[in-house]
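Encoded as structure tokens, the structure appears first; notes follow it.
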There are 2 protein chains.
Amino acid sequence: MPEAELSTEEKILKAAEEVFMRDGYDGSRMQDIADVAGINKALLHYYFRSKDKLFEKIFDAKIQVFFPRLEQAFYQDLPFMEKVEFFIEQYIGLLRNNPYLPLFVLNTINKRDNSDFIKKVPAELSQRLIMSYNADFQQGKLRAINPLQFVISVMGMCIFPFLGRPVLQNMFKADSNAFDKLMEQRIEELKVYIRLILTP
Amino acid sequence: MPEAELSTEEKILKAAEEVFMRDGYDGSRMQDIADVAGINKALLHYYFRSKDKLFEKIFDAKIQVFFPRLEQAFYQDLPFMEKVEFFIEQYIGLLRNNPYLPLFVLNTINKRDNSDFIKKVPAELSQRLIMSYNADFQQGKLRAINPLQFVISVMGMCIFPFLGRPVLQNMFKADSNAFDKLMEQRIEELKVYIRLILTP
DNA sequence: GTCTATATAAGGATAGAC
DNA sequence: GTCTATCCTTATATAGAC
């Protein structure tokens, strides 16, 4: 869709997303958002009453992406291991297209005053995974581990390289392409790890 | 050491550490730091010329903690697997005492303009680990994996729960004590994982 | 709906007295 | 070294014309 066809409200939301994701709430300026949107500051306040309100709109959308529901795989009757493999594949793919997402979300939910934001996290995902583990474990198909710790571990393995990206690229003299390639390879590597951990 | 015995410079550094770690660079106010230190703003600028300079002092100290050198284990002639186990133990212990550290460091190194900060990361740690892996692998003591991906994974597994802490606590109705207990248990859990991955 | 101009406040930094 | 007072710039937000 060409930019000219976007409504003013859409242009603002698009610009706000870009600026907030890149600079965080504290680092963002309403003027920057107006510039990116190609309008002036006053219009921002006309559409969204305040910086807080505008930010909330963006966050509400992004939290749903960062903690995905993944209905496709998790509501199907797949073995636990395949669900995890599917998650790794989808999630690293997602982050490759949304490099700023993790830091943005983690910053927001860690803000002391903004504890409301935490409540917006879709909570069922990990609960369902744990139930799925227990079902397969009781059939002897999985090794005895702590499913909560395991779920945290899988998320950490997927997300962390995107958080430490500048360091990794500097350490191994990699450009953006090399990093992306590394993340593509990472999918298969992590699948090997989780199979080794879960197979009895 | 009682607070009264601290020099003004020490009081400022202590207060700056607290505020910067908690609120980040953009979210911190010189006034807040002065208040915590029990002095006034002007004195901050007398001791450290600017907010930037003061921040740099704090960051320089913290980056050394977040990317530790761990000479104790890694310069000794231990098997790779034991080095990793030692790392997990030490590092989770460190983070349990420094909950804000990961987000603080990751935010700073991800700032576009502040790419100077990246250069301050001690880079040898992962390089040494990879060399150590290769040595043991050639003796047939380890499974064939990608050592770089493995090192990223171990760091991610250790660090991520501290980043997602508010969500985890909310999701599982855990207070600070329960979370800390979970992290203590996590040490042994992760050791199991890495043994399963690395053992041929 | 969109703009210019401006109110109001906050934040970093400095001057100058003690 | 430490304080009060203040300068200067920047930010959010609003008023009012078109």
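Please note that chains go A, B, ... in the order of the structure tokens, that every chain numbers its residues from 1, and that ligands are numbered from 1 in the order shown.
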
- Message: Write out as a PyMOL selection string the set of residues from region 31-174 of chain A that DSSP, computed on the backbone, places in helix (DSSP H, G or I).
- Response: chain A and resi 31-37+41-47+51-66+71-74+80-97+101-109+115-120+124-138+147-163+165-171

- Task: Compile the contact shell of region 163-175 of chain B as a ChimeraX atom specification: residues with an atom at most 12 Å away, counting only C-alpha atoms (C1' of nucleotides), same-chain residues fewer than 4 positions apart removed.
- Result: /A:63,66-67,102-112,114-127,148-149,151-153,155-156,159-160,163 /B:95-96,98-107,156-159,179-183

Pull out every residue of chain C that has at least one atom within 9 Å of chain A, counting only C-alpha atoms (C1' of nucleotides), and report them as a PDB file with N, CA, C and O atoms (P, O5', C5', C4', C3', O3' and C1' of nucleotides), in the first residue's frame.
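As a result, iface_20.pdb now contains:
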ATOM      1  P    DG C   1     -11.579  13.569  11.635  1.00  0.00           P
ATOM      2  O5'  DG C   1     -10.860  14.270  10.432  1.00  0.00           O
ATOM      3  C5'  DG C   1     -10.851  15.708  10.348  1.00  0.00           C
ATOM      4  C4'  DG C   1      -9.784  16.111   9.378  1.00  0.00           C
ATOM      5  C3'  DG C   1      -8.374  15.777   9.819  1.00  0.00           C
ATOM      6  O3'  DG C   1      -7.553  15.853   8.650  1.00  0.00           O
ATOM      7  C1'  DG C   1      -8.738  18.072  10.095  1.00  0.00           C
ATOM      8  P    DT C   2      -5.998  15.449   8.685  1.00  0.00           P
ATOM      9  O5'  DT C   2      -5.204  16.823   8.859  1.00  0.00           O
ATOM     10  C5'  DT C   2      -5.133  17.724   7.768  1.00  0.00           C
ATOM     11  C4'  DT C   2      -4.556  19.041   8.227  1.00  0.00           C
ATOM     12  C3'  DT C   2      -3.235  18.936   9.002  1.00  0.00           C
ATOM     13  O3'  DT C   2      -2.157  19.366   8.183  1.00  0.00           O
ATOM     14  C1'  DT C   2      -4.696  20.609   9.885  1.00  0.00           C
ATOM     15  P    DC C   3      -0.670  19.453   8.826  1.00  0.00           P
ATOM     16  O5'  DC C   3      -0.577  20.988   9.279  1.00  0.00           O
ATOM     17  C5'  DC C   3      -0.469  21.996   8.284  1.00  0.00           C
ATOM     18  C4'  DC C   3      -0.717  23.369   8.901  1.00  0.00           C
ATOM     19  C3'  DC C   3       0.367  23.817   9.879  1.00  0.00           C
ATOM     20  O3'  DC C   3       1.366  24.568   9.196  1.00  0.00           O
ATOM     21  C1'  DC C   3      -1.833  24.282  10.717  1.00  0.00           C
TER      22       DC C   3
END

- Task: Write out as a VMD selection string each polymer residue whose atoms come within 12 Å of DC18 (chain C), counting only C-alpha atoms (C1' of nucleotides); drop sequence neighbours fewer than 3 positions from it.
- Result: chain D and resid 1 to 4

Only N, CA, C and O atoms (P, O5', C5', C4', C3', O3' and C1' of nucleotides), please: the residues just picked out, written as a PDB file, in the first residue's frame.
ATOM      1  P    DG D   1      37.432  18.650  46.368  1.00  0.00           P
ATOM      2  O5'  DG D   1      36.734  19.038  47.741  1.00  0.00           O
ATOM      3  C5'  DG D   1      36.175  20.336  47.851  1.00  0.00           C
ATOM      4  C4'  DG D   1      35.039  20.271  48.822  1.00  0.00           C
ATOM      5  C3'  DG D   1      33.769  19.605  48.294  1.00  0.00           C
ATOM      6  O3'  DG D   1      32.980  19.279  49.431  1.00  0.00           O
ATOM      7  C1'  DG D   1      33.447  21.930  48.344  1.00  0.00           C
ATOM      8  P    DT D   2      31.621  18.424  49.248  1.00  0.00           P
ATOM      9  O5'  DT D   2      30.457  19.514  49.242  1.00  0.00           O
ATOM     10  C5'  DT D   2      30.124  20.196  50.454  1.00  0.00           C
ATOM     11  C4'  DT D   2      29.168  21.332  50.174  1.00  0.00           C
ATOM     12  C3'  DT D   2      27.934  20.940  49.354  1.00  0.00           C
ATOM     13  O3'  DT D   2      26.789  20.933  50.204  1.00  0.00           O
ATOM     14  C1'  DT D   2      28.808  23.074  48.737  1.00  0.00           C
ATOM     15  P    DC D   3      25.315  20.650  49.551  1.00  0.00           P
ATOM     16  O5'  DC D   3      24.740  22.128  49.297  1.00  0.00           O
ATOM     17  C5'  DC D   3      24.425  22.942  50.411  1.00  0.00           C
ATOM     18  C4'  DC D   3      24.204  24.375  49.965  1.00  0.00           C
ATOM     19  C3'  DC D   3      23.011  24.572  49.036  1.00  0.00           C
ATOM     20  O3'  DC D   3      21.862  24.909  49.800  1.00  0.00           O
ATOM     21  C1'  DC D   3      24.928  25.805  48.289  1.00  0.00           C
ATOM     22  P    DT D   4      20.445  25.049  48.975  1.00  0.00           P
ATOM     23  O5'  DT D   4      20.520  26.498  48.313  1.00  0.00           O
ATOM     24  C5'  DT D   4      20.774  27.659  49.107  1.00  0.00           C
ATOM     25  C4'  DT D   4      20.576  28.907  48.248  1.00  0.00           C
ATOM     26  C3'  DT D   4      19.245  28.965  47.506  1.00  0.00           C
ATOM     27  O3'  DT D   4      18.796  30.323  47.476  1.00  0.00           O
ATOM     28  C1'  DT D   4      21.014  28.968  45.934  1.00  0.00           C
TER      29       DT D   4
END

- Message: Which residue is closest to chain B? Choose from A:Asp60, A:Asp136, A:Asp113, A:Asp32 and count only C-alpha atoms.
- Response: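 For chain B, the nearest of the given residues is A:Asp113.
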
- Excluding Glu17 (chain B) and any residue of its chain fewer than 5 positions from it, enumerate the residues within 12 Å of it, using only C-alpha atoms (C1' of nucleotides), and give them as a PyMOL selection string. chain B and resi 10-12+22-25+28+30+32-34+36-37+54-62+98+100-101+104

Output N, CA and C atoms for every residue in the selection just made, as a PDB file, in the first residue's frame.
ATOM      1  N   GLU B  10      31.847   9.306  46.350  1.00  0.00           N
ATOM      2  CA  GLU B  10      31.336   7.941  46.485  1.00  0.00           C
ATOM      3  C   GLU B  10      29.812   7.933  46.610  1.00  0.00           C
ATOM      4  N   LYS B  11      29.294   8.907  47.343  1.00  0.00           N
ATOM      5  CA  LYS B  11      27.835   8.986  47.477  1.00  0.00           C
ATOM      6  C   LYS B  11      27.168   9.207  46.116  1.00  0.00           C
ATOM      7  N   ILE B  12      27.783  10.070  45.313  1.00  0.00           N
ATOM      8  CA  ILE B  12      27.238  10.335  43.979  1.00  0.00           C
ATOM      9  C   ILE B  12      27.261   9.068  43.127  1.00  0.00           C
ATOM     10  N   ARG B  22      18.164   1.471  37.475  1.00  0.00           N
ATOM     11  CA  ARG B  22      16.724   1.283  37.615  1.00  0.00           C
ATOM     12  C   ARG B  22      15.953   1.926  36.469  1.00  0.00           C
ATOM     13  N   ASP B  23      16.348   3.139  36.083  1.00  0.00           N
ATOM     14  CA  ASP B  23      15.557   3.916  35.127  1.00  0.00           C
ATOM     15  C   ASP B  23      16.165   4.015  33.736  1.00  0.00           C
ATOM     16  N   GLY B  24      17.392   3.545  33.561  1.00  0.00           N
ATOM     17  CA  GLY B  24      18.053   3.687  32.276  1.00  0.00           C
ATOM     18  C   GLY B  24      18.542   5.104  32.057  1.00  0.00           C
ATOM     19  N   TYR B  25      19.312   5.308  31.009  1.00  0.00           N
ATOM     20  CA  TYR B  25      19.870   6.644  30.770  1.00  0.00           C
ATOM     21  C   TYR B  25      18.768   7.668  30.504  1.00  0.00           C
ATOM     22  N   SER B  28      16.470   8.507  33.482  1.00  0.00           N
ATOM     23  CA  SER B  28      17.069   9.034  34.711  1.00  0.00           C
ATOM     24  C   SER B  28      17.134  10.553  34.696  1.00  0.00           C
ATOM     25  N   MET B  30      18.974  13.940  36.630  1.00  0.00           N
ATOM     26  CA  MET B  30      20.066  14.379  37.504  1.00  0.00           C
ATOM     27  C   MET B  30      19.513  14.748  38.879  1.00  0.00           C
ATOM     28  N   ASP B  32      17.030  13.340  40.428  1.00  0.00           N
ATOM     29  CA  ASP B  32      16.820  12.111  41.184  1.00  0.00           C
ATOM     30  C   ASP B  32      18.119  11.622  41.810  1.00  0.00           C
ATOM     31  N   ILE B  33      19.171  11.654  41.000  1.00  0.00           N
ATOM     32  CA  ILE B  33      20.466  11.196  41.505  1.00  0.00           C
ATOM     33  C   ILE B  33      20.911  12.072  42.673  1.00  0.00           C
ATOM     34  N   ALA B  34      20.741  13.376  42.519  1.00  0.00           N
ATOM     35  CA  ALA B  34      21.111  14.292  43.606  1.00  0.00           C
ATOM     36  C   ALA B  34      20.304  13.989  44.865  1.00  0.00           C
ATOM     37  N   VAL B  36      18.863  11.141  45.780  1.00  0.00           N
ATOM     38  CA  VAL B  36      19.297   9.885  46.395  1.00  0.00           C
ATOM     39  C   VAL B  36      20.638  10.067  47.115  1.00  0.00           C
ATOM     40  N   ALA B  37      21.506  10.866  46.516  1.00  0.00           N
ATOM     41  CA  ALA B  37      22.822  11.085  47.122  1.00  0.00           C
ATOM     42  C   ALA B  37      22.742  12.040  48.312  1.00  0.00           C
ATOM     43  N   LEU B  54      28.953  11.012  33.727  1.00  0.00           N
ATOM     44  CA  LEU B  54      28.600  10.236  34.918  1.00  0.00           C
ATOM     45  C   LEU B  54      28.089   8.856  34.523  1.00  0.00           C
ATOM     46  N   PHE B  55      27.255   8.838  33.481  1.00  0.00           N
ATOM     47  CA  PHE B  55      26.719   7.561  33.021  1.00  0.00           C
ATOM     48  C   PHE B  55      27.837   6.623  32.567  1.00  0.00           C
ATOM     49  N   GLU B  56      28.780   7.183  31.854  1.00  0.00           N
ATOM     50  CA  GLU B  56      29.873   6.371  31.335  1.00  0.00           C
ATOM     51  C   GLU B  56      30.647   5.702  32.472  1.00  0.00           C
ATOM     52  N   LYS B  57      30.852   6.453  33.531  1.00  0.00           N
ATOM     53  CA  LYS B  57      31.542   5.899  34.712  1.00  0.00           C
ATOM     54  C   LYS B  57      30.799   4.659  35.227  1.00  0.00           C
ATOM     55  N   ILE B  58      29.496   4.773  35.333  1.00  0.00           N
ATOM     56  CA  ILE B  58      28.704   3.654  35.848  1.00  0.00           C
ATOM     57  C   ILE B  58      28.737   2.479  34.877  1.00  0.00           C
ATOM     58  N   PHE B  59      28.553   2.801  33.595  1.00  0.00           N
ATOM     59  CA  PHE B  59      28.517   1.717  32.605  1.00  0.00           C
ATOM     60  C   PHE B  59      29.838   0.957  32.559  1.00  0.00           C
ATOM     61  N   ASP B  60      30.939   1.695  32.579  1.00  0.00           N
ATOM     62  CA  ASP B  60      32.255   1.048  32.522  1.00  0.00           C
ATOM     63  C   ASP B  60      32.422   0.012  33.618  1.00  0.00           C
ATOM     64  N   ALA B  61      31.886   0.319  34.775  1.00  0.00           N
ATOM     65  CA  ALA B  61      31.996  -0.637  35.875  1.00  0.00           C
ATOM     66  C   ALA B  61      31.073  -1.830  35.652  1.00  0.00           C
ATOM     67  N   LYS B  62      29.862  -1.561  35.165  1.00  0.00           N
ATOM     68  CA  LYS B  62      28.853  -2.619  35.070  1.00  0.00           C
ATOM     69  C   LYS B  62      29.114  -3.588  33.928  1.00  0.00           C
ATOM     70  N   ASN B  98      22.010  -9.033  41.153  1.00  0.00           N
ATOM     71  CA  ASN B  98      22.005  -7.837  40.307  1.00  0.00           C
ATOM     72  C   ASN B  98      20.853  -7.892  39.310  1.00  0.00           C
ATOM     73  N   TYR B 100      18.780  -5.861  37.920  1.00  0.00           N
ATOM     74  CA  TYR B 100      18.605  -4.884  36.848  1.00  0.00           C
ATOM     75  C   TYR B 100      19.737  -4.911  35.822  1.00  0.00           C
ATOM     76  N   LEU B 101      20.792  -5.636  36.155  1.00  0.00           N
ATOM     77  CA  LEU B 101      21.988  -5.585  35.317  1.00  0.00           C
ATOM     78  C   LEU B 101      21.744  -5.925  33.845  1.00  0.00           C
ATOM     79  N   PHE B 104      19.859  -3.180  31.815  1.00  0.00           N
ATOM     80  CA  PHE B 104      20.691  -1.976  31.761  1.00  0.00           C
ATOM     81  C   PHE B 104      21.769  -2.098  30.688  1.00  0.00           C
TER      82      PHE B 104
END

- Query: So which residues touch region 5-10 of chain D within 12 Å, counting only C-alpha atoms (C1' of nucleotides), skipping near sequence neighbours fewer than 4 positions away, as number ranges by chain?
  - Reply: A: 29-31; B: 42; C: 9-17

Selection file, C-alpha atoms (C1' of nucleotides), as a PDB file, in the first residue's frame:
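Output (out_36.pdb):
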ATOM      1  CA  ARG A  29       9.988  12.505  21.211  1.00  0.00           C
ATOM      2  CA  MET A  30       6.581  13.477  19.934  1.00  0.00           C
ATOM      3  CA  GLN A  31       8.363  15.753  17.463  1.00  0.00           C
TER       4      GLN A  31
ATOM      5  CA  ALA B  42      25.123  21.624  41.039  1.00  0.00           C
TER       6      ALA B  42
ATOM      7  C1'  DA C   9       6.904  22.657  32.813  1.00  0.00           C
ATOM      8  C1'  DA C  10      11.104  20.042  33.200  1.00  0.00           C
ATOM      9  C1'  DG C  11      15.817  18.994  32.577  1.00  0.00           C
ATOM     10  C1'  DG C  12      20.784  19.843  31.982  1.00  0.00           C
ATOM     11  C1'  DA C  13      24.150  22.955  32.954  1.00  0.00           C
ATOM     12  C1'  DT C  14      26.423  27.221  34.904  1.00  0.00           C
ATOM     13  C1'  DA C  15      27.370  31.646  37.834  1.00  0.00           C
ATOM     14  C1'  DG C  16      28.490  33.342  41.907  1.00  0.00           C
ATOM     15  C1'  DA C  17      28.088  33.680  47.042  1.00  0.00           C
TER      16       DA C  17
END

- Near DT14 (chain D), counting only C-alpha atoms (C1' of nucleotides), which residues have an atom at most 12 Å away, once you skip same-chain residues fewer than 2 positions from it, shown as a list in words?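 Listed by chain and then number, they are Lys41, Ala42, Leu43, His45, Tyr46, Arg49 and Ser50 of chain A; DA5, DT6, DA7 and DT8 of chain C; DT12 and DG16 of chain D.
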
- Pick from B:Ser7, B:Ile187, B:Asp26, B:Pro147 nearest to chain A, counting only C-alpha atoms: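 Among B:Ser7, B:Ile187, B:Asp26, B:Pro147, it is B:Asp26 that comes nearest to chain A.
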
- Task: Go through A:Gly27, A:Asn177, A:Glu82, A:Arg195 and flag the residue nearest chain B, using only C-alpha atoms for the distances.
- Result: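 Answer, going by the shortest atom-to-atom distance: A:Gly27.
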
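Restricting the calculation to only C-alpha atoms, the smallest distance between chain A and any of B:Gly140, B:Arg69, B:Phe86, B:Met21 is found for B:Met21.
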